[in-house]
Amino acid sequence: MNYLNQLPSENEHCEYKKAQNSFPKDAWESISAFENTDGGKLILGITETKNTHQFSVSGVTDVQKICDDFWSGINNQMVSNNNFINDDVQIITVNS
């Protein structure tokens, strides 16, 4: 998918979070909801324009830090049902 031209719609199976410099604390709520239903995708590095509900790629400044924050939270049981494996995390590079 060309993420620069069209992002999939946000819905009960797809959630966007800004996450430029750190793993967002409110993402754990989304992850828990996905774990308690039939799953979903959390996509980081996406910013919502206020009042328009439009999204744009804002990026992540330190991918390794975000991944470390995620795995640290998972390992510290930020969600009650941890079914994550390494293949569940994907890093997508978007060239502008």
# chains A, B, ... in the order shown; residues from 1 in each chain; ligands from 1

call {"tool": "select_by_dssp", "arguments": {"residues": "chain A", "states": "helix (DSSP H, G or I)", "output": "list in words"}}
result
Ala27, Trp28, Glu29, Ser30, Ile31, Ser32, Ala33, Phe34, Glu35, Val63, Gln64, Lys65, Ile66, Cys67, Asp68, Asp69, Phe70, Trp71, Ser72, Gly73, Ile74, Asn75, Asn86, Asp87 and Asp88 of chain A

call {"tool": "residues_around", "arguments": {"residues": "Gly39 in chain A", "least_positions_apart": "6", "cutoff": "9 Å", "atoms": "only C-alpha atoms", "output": "list of chain:residue names"}}
result
A:Glu12, A:His13, A:Ile31, A:Ala33

call {"tool": "closest_residue", "arguments": {"among": "A:Thr37, A:Cys14, A:Val94, A:Ser32", "to": "Ser56 in chain A", "atoms": "only C-alpha atoms"}}
result
A:Val94

call {"tool": "atom_distance", "arguments": {"atom1": "CA of Val89 in chain A", "atom2": "CA of Asn11 in chain A"}}
result
19.4 Å

call {"tool": "residues_around", "arguments": {"residues": "Lys17 in chain A", "least_positions_apart": "5", "cutoff": "12 Å", "atoms": "only C-alpha atoms", "output": "number ranges by chain"}}
result
A: 10, 22-31, 41-49, 55-60, 66

call {"tool": "write_last_selection", "arguments": {"atoms": "N, CA, C and O atoms", "output": "short mmCIF file (atom, residue, chain, number, x, y, z; two decimals), in the first residue's frame"}}
result
data_model
loop_
_atom_site.label_atom_id
_atom_site.label_comp_id
_atom_site.auth_asym_id
_atom_site.auth_seq_id
_atom_site.Cartn_x
_atom_site.Cartn_y
_atom_site.Cartn_z
N GLU A 10 -9.38 4.30 9.77
CA GLU A 10 -9.28 3.89 11.16
C GLU A 10 -10.64 3.30 11.55
O GLU A 10 -11.68 3.87 11.24
N SER A 22 8.22 8.45 21.46
CA SER A 22 8.05 7.40 22.46
C SER A 22 6.78 6.61 22.17
O SER A 22 5.91 7.07 21.45
N PHE A 23 6.72 5.42 22.75
CA PHE A 23 5.53 4.60 22.58
C PHE A 23 4.39 5.26 23.35
O PHE A 23 4.52 5.55 24.54
N PRO A 24 3.26 5.53 22.68
CA PRO A 24 2.17 6.27 23.34
C PRO A 24 1.48 5.44 24.42
O PRO A 24 1.12 4.28 24.20
N LYS A 25 1.28 6.05 25.58
CA LYS A 25 0.63 5.36 26.69
C LYS A 25 -0.80 4.94 26.35
O LYS A 25 -1.26 3.89 26.76
N ASP A 26 -1.51 5.77 25.55
CA ASP A 26 -2.89 5.42 25.22
C ASP A 26 -2.98 4.27 24.20
O ASP A 26 -4.05 3.75 23.95
N ALA A 27 -1.85 3.85 23.66
CA ALA A 27 -1.86 2.71 22.74
C ALA A 27 -2.16 1.40 23.45
O ALA A 27 -2.70 0.47 22.85
N TRP A 28 -1.84 1.33 24.76
CA TRP A 28 -2.10 0.10 25.49
C TRP A 28 -3.60 -0.21 25.55
O TRP A 28 -4.00 -1.38 25.53
N GLU A 29 -4.41 0.81 25.61
CA GLU A 29 -5.86 0.61 25.59
C GLU A 29 -6.30 -0.02 24.27
O GLU A 29 -7.11 -0.95 24.24
N SER A 30 -5.75 0.46 23.17
CA SER A 30 -6.07 -0.10 21.86
C SER A 30 -5.59 -1.54 21.75
O SER A 30 -6.31 -2.41 21.25
N ILE A 31 -4.38 -1.79 22.23
CA ILE A 31 -3.84 -3.15 22.18
C ILE A 31 -4.71 -4.10 23.01
O ILE A 31 -5.02 -5.21 22.56
N LYS A 41 -4.72 -3.84 13.98
CA LYS A 41 -3.40 -3.29 13.70
C LYS A 41 -3.26 -1.92 14.36
O LYS A 41 -4.14 -1.08 14.24
N LEU A 42 -2.15 -1.75 15.04
CA LEU A 42 -1.79 -0.46 15.60
C LEU A 42 -0.66 0.09 14.73
O LEU A 42 0.39 -0.54 14.61
N ILE A 43 -0.89 1.22 14.12
CA ILE A 43 0.08 1.80 13.20
C ILE A 43 0.61 3.08 13.82
O ILE A 43 -0.16 4.01 14.10
N LEU A 44 1.92 3.11 14.06
CA LEU A 44 2.55 4.25 14.71
C LEU A 44 3.19 5.16 13.68
O LEU A 44 3.55 4.73 12.59
N GLY A 45 3.35 6.43 14.05
CA GLY A 45 3.96 7.39 13.14
C GLY A 45 2.95 8.07 12.24
O GLY A 45 3.28 8.60 11.19
N ILE A 46 1.68 8.08 12.67
CA ILE A 46 0.60 8.70 11.90
C ILE A 46 -0.06 9.76 12.78
O ILE A 46 -0.40 9.51 13.92
N THR A 47 -0.22 10.95 12.24
CA THR A 47 -0.82 12.06 12.99
C THR A 47 -2.19 12.38 12.43
O THR A 47 -2.37 12.44 11.21
N GLU A 48 -3.14 12.59 13.35
CA GLU A 48 -4.49 12.99 12.95
C GLU A 48 -4.58 14.52 13.00
O GLU A 48 -4.20 15.15 13.98
N THR A 49 -5.08 15.10 11.93
CA THR A 49 -5.31 16.54 11.89
C THR A 49 -6.55 16.83 12.71
O THR A 49 -7.61 16.25 12.47
N PHE A 55 -5.62 11.88 8.30
CA PHE A 55 -4.37 11.37 8.83
C PHE A 55 -3.24 11.59 7.85
O PHE A 55 -3.43 11.58 6.63
N SER A 56 -2.03 11.77 8.41
CA SER A 56 -0.84 11.92 7.57
C SER A 56 0.33 11.22 8.24
O SER A 56 0.37 11.06 9.47
N VAL A 57 1.29 10.81 7.43
CA VAL A 57 2.48 10.15 7.94
C VAL A 57 3.37 11.21 8.60
O VAL A 57 3.75 12.18 7.96
N SER A 58 3.65 11.04 9.89
CA SER A 58 4.54 11.95 10.59
C SER A 58 5.87 11.28 10.94
O SER A 58 6.84 11.95 11.23
N GLY A 59 5.89 9.97 10.91
CA GLY A 59 7.12 9.23 11.14
C GLY A 59 7.45 8.99 12.60
O GLY A 59 6.77 9.48 13.50
N VAL A 60 8.50 8.24 12.81
CA VAL A 60 9.01 7.89 14.12
C VAL A 60 10.49 8.24 14.12
O VAL A 60 11.22 7.83 13.21
N ILE A 66 11.15 2.94 20.13
CA ILE A 66 9.72 2.63 20.14
C ILE A 66 9.52 1.12 20.30
O ILE A 66 8.68 0.68 21.09
#

call {"tool": "atom_distance", "arguments": {"atom1": "CA of Ile74 in chain A", "atom2": "CA of Phe34 in chain A"}}
result
13.8 Å
